$ cat structure_5.cif   # mmCIF, C-alpha atoms
data_data
#
loop_
_atom_site.group_PDB
_atom_site.id
_atom_site.type_symbol
_atom_site.label_atom_id
_atom_site.label_comp_id
_atom_site.auth_asym_id
_atom_site.auth_seq_id
_atom_site.Cartn_x
_atom_site.Cartn_y
_atom_site.Cartn_z
ATOM 1 C CA MET R 1 -95.827 4.602 -16.659
ATOM 2 C CA ARG R 2 -98.312 6.031 -14.133
ATOM 3 C CA ILE R 3 -101.714 7.469 -15.096
ATOM 4 C CA ILE R 4 -104.105 9.384 -12.871
ATOM 5 C CA ALA R 5 -107.586 8.411 -14.016
ATOM 6 C CA GLN R 6 -111.190 9.390 -13.343
ATOM 7 C CA LEU R 7 -112.387 5.819 -13.797
ATOM 8 C CA GLY R 8 -112.773 4.065 -10.482
ATOM 9 C CA ALA R 9 -110.009 1.680 -9.533
ATOM 10 C CA GLY R 10 -112.070 -1.475 -9.997
ATOM 11 C CA SER R 11 -114.121 -0.402 -13.000
ATOM 12 C CA ALA R 12 -114.311 -2.566 -16.106
ATOM 13 C CA GLU R 13 -112.471 0.102 -18.090
ATOM 14 C CA ALA R 14 -109.672 0.315 -15.535
ATOM 15 C CA VAL R 15 -109.304 -3.468 -15.733
ATOM 16 C CA ARG R 16 -109.225 -3.273 -19.520
ATOM 17 C CA ILE R 17 -106.372 -0.742 -19.411
ATOM 18 C CA GLN R 18 -104.422 -2.937 -16.990
ATOM 19 C CA ASP R 19 -105.005 -6.005 -19.169
ATOM 20 C CA SER R 20 -103.691 -4.107 -22.194
ATOM 21 C CA PHE R 21 -100.683 -2.660 -20.353
ATOM 22 C CA PRO R 22 -99.835 -4.648 -17.204
ATOM 23 C CA ASP R 23 -96.862 -2.403 -16.431
ATOM 24 C CA VAL R 24 -98.980 0.781 -16.407
ATOM 25 C CA GLU R 25 -99.997 1.891 -12.923
ATOM 26 C CA LEU R 26 -103.391 3.546 -12.530
ATOM 27 C CA VAL R 27 -103.943 6.040 -9.719
ATOM 28 C CA GLU R 28 -107.585 6.823 -9.004
ATOM 29 C CA PHE R 29 -108.363 10.536 -9.021
ATOM 30 C CA ALA R 30 -110.090 11.154 -5.695
ATOM 31 C CA GLY R 31 -110.481 14.936 -5.790
ATOM 32 C CA GLY R 32 -109.411 17.221 -2.996
ATOM 33 C CA ASP R 33 -105.734 17.744 -2.294
ATOM 34 C CA PRO R 34 -103.309 15.521 -4.219
ATOM 35 C CA PRO R 35 -101.436 12.860 -2.241
ATOM 36 C CA ALA R 36 -98.004 13.938 -1.019
ATOM 37 C CA GLY R 37 -95.197 12.966 -3.358
ATOM 38 C CA LEU R 38 -97.492 11.895 -6.198
ATOM 39 C CA LYS R 39 -95.828 11.768 -9.614
ATOM 40 C CA ALA R 40 -97.505 10.688 -12.847
ATOM 41 C CA ASP R 41 -96.960 10.797 -16.578
ATOM 42 C CA ALA R 42 -100.555 11.256 -17.701
ATOM 43 C CA PHE R 43 -104.106 12.053 -16.655
ATOM 44 C CA PHE R 44 -107.360 10.682 -18.081
ATOM 45 C CA GLY R 45 -110.710 12.348 -17.444
ATOM 46 C CA GLY R 46 -111.934 15.905 -17.250
ATOM 47 C CA TYR R 47 -115.564 15.453 -16.298
ATOM 48 C CA LEU R 48 -115.891 18.011 -13.504
ATOM 49 C CA GLY R 49 -113.898 19.669 -10.746
ATOM 50 C CA TRP R 50 -111.164 21.434 -12.689
ATOM 51 C CA ASP R 51 -109.704 23.181 -9.640
ATOM 52 C CA ALA R 52 -108.855 19.837 -8.055
ATOM 53 C CA ILE R 53 -107.772 18.321 -11.364
ATOM 54 C CA LEU R 54 -105.336 21.169 -11.986
ATOM 55 C CA ALA R 55 -103.911 20.816 -8.488
ATOM 56 C CA TRP R 56 -103.232 17.118 -9.148
ATOM 57 C CA LEU R 57 -101.737 17.833 -12.584
ATOM 58 C CA ASP R 58 -99.334 20.408 -11.190
ATOM 59 C CA ALA R 59 -98.357 18.430 -8.114
ATOM 60 C CA ALA R 60 -97.760 15.227 -10.099
ATOM 61 C CA GLU R 61 -95.970 17.080 -12.921
ATOM 62 C CA VAL R 62 -98.251 15.461 -15.505
ATOM 63 C CA ARG R 63 -97.035 15.983 -19.077
ATOM 64 C CA TRP R 64 -99.940 14.500 -21.037
ATOM 65 C CA VAL R 65 -103.686 14.927 -20.488
ATOM 66 C CA GLN R 66 -106.103 12.651 -22.334
ATOM 67 C CA LEU R 67 -109.551 14.221 -22.109
ATOM 68 C CA SER R 68 -112.522 11.904 -21.861
ATOM 69 C CA GLY R 69 -114.606 14.200 -24.077
ATOM 70 C CA THR R 70 -114.219 16.056 -27.354
ATOM 71 C CA GLY R 71 -115.029 19.739 -26.886
ATOM 72 C CA ILE R 72 -112.608 21.906 -24.938
ATOM 73 C CA ASP R 73 -114.712 25.056 -24.534
ATOM 74 C CA ASN R 74 -115.476 24.061 -20.923
ATOM 75 C CA VAL R 75 -111.985 22.779 -20.178
ATOM 76 C CA ALA R 76 -109.849 24.950 -17.895
ATOM 77 C CA ARG R 77 -107.296 26.787 -20.011
ATOM 78 C CA ALA R 78 -104.607 26.122 -17.409
ATOM 79 C CA VAL R 79 -104.615 22.463 -18.467
ATOM 80 C CA PHE R 80 -102.352 23.588 -21.321
ATOM 81 C CA ASP R 81 -99.809 25.177 -18.956
ATOM 82 C CA HIS R 82 -96.261 23.843 -18.669
ATOM 83 C CA ASP R 83 -96.378 22.763 -22.329
ATOM 84 C CA ARG R 84 -98.590 19.786 -21.548
ATOM 85 C CA ILE R 85 -99.787 17.728 -24.486
ATOM 86 C CA VAL R 86 -103.589 17.617 -24.452
ATOM 87 C CA THR R 87 -105.484 15.025 -26.470
ATOM 88 C CA CYS R 88 -109.224 14.487 -26.691
ATOM 89 C CA ALA R 89 -111.626 11.622 -27.340
ATOM 90 C CA ARG R 90 -112.607 12.864 -30.776
ATOM 91 C CA GLY R 91 -115.206 10.604 -32.361
ATOM 92 C CA ALA R 92 -116.061 8.679 -29.170
ATOM 93 C CA GLY R 93 -119.601 10.093 -29.147
ATOM 94 C CA ALA R 94 -120.145 10.034 -32.915
ATOM 95 C CA VAL R 95 -122.472 7.020 -32.976
ATOM 96 C CA PRO R 96 -124.962 8.057 -30.258
ATOM 97 C CA ILE R 97 -124.976 11.690 -31.400
ATOM 98 C CA SER R 98 -125.547 10.773 -35.048
ATOM 99 C CA GLU R 99 -128.383 8.454 -34.017
ATOM 100 C CA TRP R 100 -129.913 11.329 -32.046
ATOM 101 C CA VAL R 101 -129.658 13.580 -35.108
ATOM 102 C CA MET R 102 -131.431 11.033 -37.308
ATOM 103 C CA ALA R 103 -134.112 10.604 -34.643
ATOM 104 C CA ALA R 104 -134.628 14.383 -34.682
ATOM 105 C CA ILE R 105 -134.812 14.484 -38.491
ATOM 106 C CA LEU R 106 -137.256 11.579 -38.679
ATOM 107 C CA ALA R 107 -139.382 12.919 -35.818
ATOM 108 C CA TRP R 108 -139.762 16.218 -37.646
ATOM 109 C CA ALA R 109 -140.538 14.608 -41.011
ATOM 110 C CA LYS R 110 -143.042 12.131 -39.511
ATOM 111 C CA ARG R 111 -144.568 14.734 -37.183
ATOM 112 C CA PHE R 112 -143.804 13.032 -33.906
ATOM 113 C CA PRO R 113 -145.248 13.626 -31.382
ATOM 114 C CA GLU R 114 -147.991 15.718 -33.027
ATOM 115 C CA THR R 115 -149.600 12.659 -34.617
ATOM 116 C CA PHE R 116 -149.563 10.529 -31.455
ATOM 117 C CA LEU R 117 -153.118 9.797 -30.275
ATOM 118 C CA SER R 118 -154.682 10.344 -26.872
ATOM 119 C CA GLU R 119 -158.294 10.223 -28.132
ATOM 120 C CA PRO R 120 -160.107 9.111 -31.318
ATOM 121 C CA PRO R 121 -159.012 11.294 -34.247
ATOM 122 C CA LYS R 122 -161.357 12.960 -36.725
ATOM 123 C CA TYR R 123 -159.970 10.762 -39.519
ATOM 124 C CA TRP R 124 -158.216 7.404 -39.681
ATOM 125 C CA ASN R 125 -155.621 6.849 -42.430
ATOM 126 C CA PHE R 126 -155.191 10.588 -43.088
ATOM 127 C CA PRO R 127 -152.501 12.283 -41.006
ATOM 128 C CA ILE R 128 -153.084 15.734 -39.552
ATOM 129 C CA PRO R 129 -150.639 17.406 -39.867
ATOM 130 C CA THR R 130 -149.444 15.822 -43.092
ATOM 131 C CA LEU R 131 -146.214 13.842 -43.044
ATOM 132 C CA ASP R 132 -143.028 14.357 -45.034
ATOM 133 C CA ARG R 133 -140.305 11.978 -46.178
ATOM 134 C CA VAL R 134 -136.572 12.295 -45.856
ATOM 135 C CA GLU R 135 -135.546 10.372 -48.973
ATOM 136 C CA GLY R 136 -134.434 12.819 -51.643
ATOM 137 C CA SER R 137 -134.230 15.749 -49.223
ATOM 138 C CA THR R 138 -130.977 17.520 -48.466
ATOM 139 C CA VAL R 139 -129.198 17.657 -45.143
ATOM 140 C CA ALA R 140 -126.565 20.384 -44.777
ATOM 141 C CA LEU R 141 -123.799 19.627 -42.302
ATOM 142 C CA VAL R 142 -121.781 22.364 -40.660
ATOM 143 C CA GLY R 143 -118.724 20.291 -39.802
ATOM 144 C CA LEU R 144 -117.512 16.976 -41.164
ATOM 145 C CA GLY R 145 -115.437 15.547 -38.336
ATOM 146 C CA GLY R 146 -116.260 12.303 -36.562
ATOM 147 C CA ILE R 147 -119.816 13.321 -35.706
ATOM 148 C CA GLY R 148 -120.547 14.949 -39.063
ATOM 149 C CA ALA R 149 -119.230 11.901 -40.921
ATOM 150 C CA ALA R 150 -121.382 9.586 -38.788
ATOM 151 C CA VAL R 151 -124.465 11.701 -39.522
ATOM 152 C CA ALA R 152 -123.589 11.722 -43.226
ATOM 153 C CA SER R 153 -123.326 7.937 -43.490
ATOM 154 C CA ARG R 154 -126.693 7.471 -41.785
ATOM 155 C CA ALA R 155 -128.413 10.175 -43.829
ATOM 156 C CA LEU R 156 -127.091 8.634 -47.058
ATOM 157 C CA ALA R 157 -128.513 5.282 -45.968
ATOM 158 C CA PHE R 158 -131.933 6.950 -45.859
ATOM 159 C CA GLY R 159 -131.497 8.184 -49.425
ATOM 160 C CA MET R 160 -130.824 11.789 -48.453
ATOM 161 C CA GLU R 161 -128.550 14.164 -50.309
ATOM 162 C CA VAL R 162 -125.704 15.330 -48.070
ATOM 163 C CA ARG R 163 -123.705 18.544 -48.340
ATOM 164 C CA ALA R 164 -121.048 19.500 -45.826
ATOM 165 C CA LEU R 165 -118.991 22.538 -44.951
ATOM 166 C CA ARG R 166 -115.567 21.862 -43.496
ATOM 167 C CA ARG R 167 -112.669 24.144 -42.633
ATOM 168 C CA THR R 168 -110.055 22.314 -44.730
ATOM 169 C CA ASP R 169 -109.654 21.243 -48.340
ATOM 170 C CA ALA R 170 -109.583 17.587 -47.307
ATOM 171 C CA PRO R 171 -111.984 15.318 -49.203
ATOM 172 C CA SER R 172 -114.995 13.841 -47.472
ATOM 173 C CA PRO R 173 -114.264 10.738 -45.386
ATOM 174 C CA VAL R 174 -117.662 9.438 -46.505
ATOM 175 C CA GLU R 175 -118.267 8.724 -50.173
ATOM 176 C CA GLY R 176 -121.263 10.524 -51.631
ATOM 177 C CA VAL R 177 -120.969 13.756 -49.623
ATOM 178 C CA GLN R 178 -120.656 17.029 -51.516
ATOM 179 C CA VAL R 179 -118.083 19.192 -49.724
ATOM 180 C CA VAL R 180 -118.531 22.961 -50.050
ATOM 181 C CA ARG R 181 -116.481 25.886 -48.765
ATOM 182 C CA SER R 182 -119.069 28.489 -47.765
ATOM 183 C CA LEU R 183 -122.485 28.904 -46.177
ATOM 184 C CA ASP R 184 -123.640 30.390 -49.492
ATOM 185 C CA GLU R 185 -123.089 26.975 -51.091
ATOM 186 C CA LEU R 186 -124.223 24.937 -48.115
ATOM 187 C CA LEU R 187 -127.518 26.356 -46.919
ATOM 188 C CA PRO R 188 -129.876 27.063 -49.858
ATOM 189 C CA GLY R 189 -132.218 24.181 -50.615
ATOM 190 C CA ALA R 190 -131.457 22.160 -47.487
ATOM 191 C CA ALA R 191 -134.420 20.707 -45.623
ATOM 192 C CA HIS R 192 -132.323 20.055 -42.514
ATOM 193 C CA VAL R 193 -129.290 22.012 -41.307
ATOM 194 C CA VAL R 194 -127.203 20.123 -38.737
ATOM 195 C CA LEU R 195 -124.546 21.892 -36.671
ATOM 196 C CA ALA R 196 -121.622 19.606 -35.831
ATOM 197 C CA ALA R 197 -118.656 21.986 -35.590
ATOM 198 C CA PRO R 198 -116.584 22.916 -32.524
ATOM 199 C CA ALA R 199 -117.171 26.124 -30.601
ATOM 200 C CA THR R 200 -114.302 28.492 -31.384
ATOM 201 C CA ALA R 201 -113.866 32.210 -31.870
ATOM 202 C CA ARG R 202 -114.390 31.665 -35.598
ATOM 203 C CA THR R 203 -117.625 29.694 -35.230
ATOM 204 C CA ARG R 204 -119.294 31.866 -32.593
ATOM 205 C CA HIS R 205 -122.683 32.996 -33.984
ATOM 206 C CA LEU R 206 -121.826 31.454 -37.337
ATOM 207 C CA ILE R 207 -125.556 30.865 -37.725
ATOM 208 C CA ASP R 208 -126.824 34.435 -37.556
ATOM 209 C CA ALA R 209 -129.481 36.507 -39.323
ATOM 210 C CA ASP R 210 -127.506 36.435 -42.582
ATOM 211 C CA ALA R 211 -127.219 32.656 -42.409
ATOM 212 C CA PHE R 212 -130.934 32.245 -41.719
ATOM 213 C CA ALA R 213 -131.660 34.442 -44.738
ATOM 214 C CA LYS R 214 -129.699 31.994 -46.922
ATOM 215 C CA MET R 215 -131.781 29.017 -45.766
ATOM 216 C CA THR R 216 -134.849 27.789 -47.604
ATOM 217 C CA PRO R 217 -138.020 28.825 -45.727
ATOM 218 C CA GLY R 218 -139.376 25.963 -43.663
ATOM 219 C CA VAL R 219 -135.952 24.552 -42.809
ATOM 220 C CA HIS R 220 -135.339 22.344 -39.789
ATOM 221 C CA LEU R 221 -132.314 23.354 -37.681
ATOM 222 C CA VAL R 222 -130.576 20.715 -35.538
ATOM 223 C CA ASN R 223 -127.807 21.696 -33.115
ATOM 224 C CA ILE R 224 -125.754 19.009 -31.392
ATOM 225 C CA ALA R 225 -122.541 21.081 -31.377
ATOM 226 C CA ARG R 226 -122.552 24.053 -29.018
ATOM 227 C CA GLY R 227 -125.095 26.772 -28.364
ATOM 228 C CA ALA R 228 -122.483 29.423 -29.153
ATOM 229 C CA LEU R 229 -122.700 28.583 -32.871
ATOM 230 C CA VAL R 230 -126.190 30.105 -33.034
ATOM 231 C CA ASP R 231 -127.225 33.719 -32.556
ATOM 232 C CA GLN R 232 -130.315 32.881 -30.505
ATOM 233 C CA ASP R 233 -131.903 36.304 -31.027
ATOM 234 C CA ALA R 234 -131.665 35.746 -34.773
ATOM 235 C CA LEU R 235 -133.049 32.230 -34.314
ATOM 236 C CA ARG R 236 -136.055 33.580 -32.442
ATOM 237 C CA ALA R 237 -136.791 36.010 -35.278
ATOM 238 C CA ALA R 238 -136.423 33.242 -37.877
ATOM 239 C CA LEU R 239 -138.779 30.971 -35.937
ATOM 240 C CA ASP R 240 -141.338 33.716 -35.495
ATOM 241 C CA ASP R 241 -141.426 34.688 -39.176
ATOM 242 C CA GLY R 242 -141.493 31.064 -40.381
ATOM 243 C CA SER R 243 -138.059 31.034 -41.982
ATOM 244 C CA VAL R 244 -137.196 28.178 -39.635
ATOM 245 C CA ALA R 245 -140.056 25.723 -39.190
ATOM 246 C CA MET R 246 -138.485 23.869 -36.268
ATOM 247 C CA ALA R 247 -135.321 24.014 -34.194
ATOM 248 C CA THR R 248 -134.280 20.798 -32.475
ATOM 249 C CA LEU R 249 -131.623 21.767 -29.964
ATOM 250 C CA ASP R 250 -129.493 19.606 -27.730
ATOM 251 C CA THR R 251 -127.135 22.499 -27.034
ATOM 252 C CA VAL R 252 -128.011 26.082 -26.167
ATOM 253 C CA GLU R 253 -126.398 29.133 -24.630
ATOM 254 C CA PRO R 254 -126.004 29.346 -21.686
ATOM 255 C CA GLU R 255 -126.046 25.892 -20.171
ATOM 256 C CA PRO R 256 -127.839 25.214 -17.935
ATOM 257 C CA LEU R 257 -130.554 27.382 -19.491
ATOM 258 C CA PRO R 258 -132.249 29.471 -16.773
ATOM 259 C CA ALA R 259 -135.913 29.067 -15.878
ATOM 260 C CA GLY R 260 -138.238 31.304 -17.880
ATOM 261 C CA HIS R 261 -136.013 31.442 -20.969
ATOM 262 C CA TRP R 262 -138.027 31.793 -24.177
ATOM 263 C CA LEU R 263 -136.579 28.589 -25.650
ATOM 264 C CA TYR R 264 -138.506 26.503 -23.101
ATOM 265 C CA SER R 265 -141.901 27.686 -24.273
ATOM 266 C CA HIS R 266 -141.512 28.448 -27.980
ATOM 267 C CA PRO R 267 -143.865 26.187 -29.962
ATOM 268 C CA LYS R 268 -141.291 25.644 -32.708
ATOM 269 C CA VAL R 269 -138.465 24.520 -30.436
ATOM 270 C CA ARG R 270 -137.680 20.979 -29.314
ATOM 271 C CA MET R 271 -134.947 21.015 -26.727
ATOM 272 C CA THR R 272 -133.043 18.476 -24.669
ATOM 273 C CA ALA R 273 -130.452 18.964 -21.940
ATOM 274 C CA HIS R 274 -127.231 18.215 -23.887
ATOM 275 C CA ILE R 275 -127.826 14.463 -23.768
ATOM 276 C CA SER R 276 -127.336 13.388 -27.399
ATOM 277 C CA TRP R 277 -123.889 12.001 -26.545
ATOM 278 C CA TYR R 278 -125.143 9.536 -23.979
ATOM 279 C CA THR R 279 -124.758 5.789 -24.313
ATOM 280 C CA PRO R 280 -123.718 3.256 -21.678
ATOM 281 C CA GLN R 281 -120.792 2.433 -23.959
ATOM 282 C CA LEU R 282 -119.447 5.987 -24.226
ATOM 283 C CA GLN R 283 -116.711 5.630 -21.619
ATOM 284 C CA ALA R 284 -115.580 2.433 -23.327
ATOM 285 C CA ALA R 285 -115.182 4.336 -26.600
ATOM 286 C CA ALA R 286 -113.130 7.051 -24.870
ATOM 287 C CA VAL R 287 -110.963 4.416 -23.212
ATOM 288 C CA ASP R 288 -110.391 2.797 -26.626
ATOM 289 C CA ILE R 289 -108.726 6.058 -27.653
ATOM 290 C CA LEU R 290 -106.787 6.221 -24.378
ATOM 291 C CA ILE R 291 -105.470 2.677 -24.877
ATOM 292 C CA GLU R 292 -104.376 3.478 -28.430
ATOM 293 C CA ASN R 293 -102.603 6.594 -27.191
ATOM 294 C CA ILE R 294 -100.900 4.774 -24.302
ATOM 295 C CA GLY R 295 -99.363 2.439 -26.853
ATOM 296 C CA ARG R 296 -98.244 5.385 -28.924
ATOM 297 C CA TYR R 297 -96.862 7.206 -25.882
ATOM 298 C CA LEU R 298 -94.841 4.193 -24.789
ATOM 299 C CA GLY R 299 -93.624 3.639 -28.339
ATOM 300 C CA GLY R 300 -92.617 7.268 -28.871
ATOM 301 C CA GLU R 301 -95.182 7.710 -31.646
ATOM 302 C CA PRO R 302 -97.368 10.798 -32.257
ATOM 303 C CA LEU R 303 -100.554 10.783 -30.195
ATOM 304 C CA LEU R 304 -104.006 10.797 -31.764
ATOM 305 C CA HIS R 305 -106.323 13.812 -31.503
ATOM 306 C CA VAL R 306 -103.893 16.394 -30.137
ATOM 307 C CA VAL R 307 -105.781 19.575 -29.248
ATOM 308 C CA ASP R 308 -104.631 22.885 -30.706
ATOM 309 C CA ARG R 309 -104.990 25.393 -27.873
ATOM 310 C CA ASP R 310 -105.194 28.385 -30.206
ATOM 311 C CA GLU R 311 -107.699 26.831 -32.603
ATOM 312 C CA GLY R 312 -109.827 25.506 -29.752
ATOM 313 C CA TYR R 313 -110.194 21.883 -30.854
#
$ encode --input "structure_5.cif" --output "structure tokens"
Amino acid sequence: MRIIAQLGAGSAEAVRIQDSFPDVELVEFAGGDPPAGLKADAFFGGYLGWDAILAWLDAAEVRWVQLSGTGIDNVARAVFDHDRIVTCARGAGAVPISEWVMAAILAWAKRFPETFLSEPPKYWNFPIPTLDRVEGSTVALVGLGGIGAAVASRALAFGMEVRALRRTDAPSPVEGVQVVRSLDELLPGAAHVVLAAPATARTRHLIDADAFAKMTPGVHLVNIARGALVDQDALRAALDDGSVAMATLDTVEPEPLPAGHWLYSHPKVRMTAHISWYTPQLQAAAVDILIENIGRYLGGEPLLHVVDRDEGY
């Protein structure tokens, strides 16, 4: 078996693949024109440079693409051509993203950085603004896949009540989560609403003016999914009238967000540059999935995390 990989030929992860499957040949993806006569069974990667990637896929007659990430909204649609099987690294970023979500929730409840000192305060021992606690509060999850489940388990450990909306009738993978089937059931009473669903035609602007109207005034919105899930004009109105007390956003629309956009300067917005996924171990987690799928591919077993082109995840 031959795999074209965006790894670096001598990287620790490339060595790990070779140790697991000594008979698998790795070809380093170098960009530009594909080498003459190249043939390969699979491709791993998908970071950047889709024009070159597609040229290599077509020239090498690759039949299986293992994406190094989860979302496919920025993946070239032509990757699905020629009936290729496309799998993703679903769940690889669940731990760092869920930790980022909890950091956002705790920062809002404990009023960081507003209570950090740069000069003597008027009072010691009395916080201004006052602090909140997360225990006993409700977090509403839009999505209960790998990331949503990881957020749920951490929120439950803090004594929070967890409700989740998912697209299927499947039970929660985490004990103690109340699964609901509509935003009407999910949103009222939640102190924190966390978006952890894929960006598809069905989820575009799922969080719109009607959704904000269902939320309890003073809610904290956290988005680590995709900016397309939120109608940002409706968000601005909800922030301005106090319906939403704070929006902590790691994803926005568009990305990169242009200079001068209102989200940069709004006092009730905390925004980062789509970095919640980052950990030095992330590539290792994606390669774990690749290694599992190589074994399945060689054994003629169904691959994990096959992407449905029409559904978009």
$ resolve_selection --input "structure_5.cif" --expression "the PyMOL selection byres ((chain R and resi 287) around 9)" --output "number ranges by chain"
R: 13-14, 16-17, 44, 68, 89, 92, 282-286, 288-292
$ residues_near_point --input "structure_5.cif" --point "(-127.1, 27.9, -46.3)" --cutoff "10 Å" --atoms "all atoms listed in the file" --output "list in words"
Ala140, Leu141, Val142, Leu165, Ser182, Leu183, Asp184, Glu185, Leu186, Leu187, Pro188, Gly189, Ala190, Val193, Ile207, Asp210, Ala211, Phe212, Ala213, Lys214, Met215 and Thr216 of chain R
$ closest_residue --input "structure_5.cif" --among "R:Ala149, R:Ala273, R:Val222, R:Leu235" --to "Thr248 of chain R" --atoms "all atoms listed in the file"
R:Val222
$ resolve_selection --input "structure_5.cif" --expression "the PyMOL selection byres ((chain R and resi 249-253) around 10)" --output "compact mmCIF listing (two decimals) with C-alpha atoms, in the coordinates of the input"
# COMPACT_ATOMS: atom_id res chain seq x y z
CA ILE R 97 -124.98 11.69 -31.40
CA TRP R 100 -129.91 11.33 -32.05
CA VAL R 101 -129.66 13.58 -35.11
CA ALA R 104 -134.63 14.38 -34.68
CA VAL R 194 -127.20 20.12 -38.74
CA LEU R 195 -124.55 21.89 -36.67
CA LEU R 221 -132.31 23.35 -37.68
CA VAL R 222 -130.58 20.72 -35.54
CA ASN R 223 -127.81 21.70 -33.12
CA ILE R 224 -125.75 19.01 -31.39
CA ALA R 225 -122.54 21.08 -31.38
CA ARG R 226 -122.55 24.05 -29.02
CA GLY R 227 -125.10 26.77 -28.36
CA ALA R 228 -122.48 29.42 -29.15
CA LEU R 229 -122.70 28.58 -32.87
CA VAL R 230 -126.19 30.10 -33.03
CA ASP R 231 -127.22 33.72 -32.56
CA GLN R 232 -130.32 32.88 -30.50
CA MET R 246 -138.49 23.87 -36.27
CA ALA R 247 -135.32 24.01 -34.19
CA THR R 248 -134.28 20.80 -32.48
CA PRO R 254 -126.00 29.35 -21.69
CA GLU R 255 -126.05 25.89 -20.17
CA PRO R 256 -127.84 25.21 -17.93
CA LEU R 257 -130.55 27.38 -19.49
CA PRO R 258 -132.25 29.47 -16.77
CA LEU R 263 -136.58 28.59 -25.65
CA VAL R 269 -138.46 24.52 -30.44
CA ARG R 270 -137.68 20.98 -29.31
CA MET R 271 -134.95 21.02 -26.73
CA THR R 272 -133.04 18.48 -24.67
CA ALA R 273 -130.45 18.96 -21.94
CA HIS R 274 -127.23 18.22 -23.89
CA ILE R 275 -127.83 14.46 -23.77
CA SER R 276 -127.34 13.39 -27.40
CA TRP R 277 -123.89 12.00 -26.54
$ closest_residue --input "structure_5.cif" --among "R:Ser98, R:Thr87, R:Asn293, R:Ser137" --to "Val307 of chain R" --atoms "only C-alpha atoms"
R:Thr87
$ atom_distance --input "structure_5.cif" --atom1 "atom CA of Lys268 of chain R" --atom2 "atom CA of Ala245 of chain R"
6.6 Å
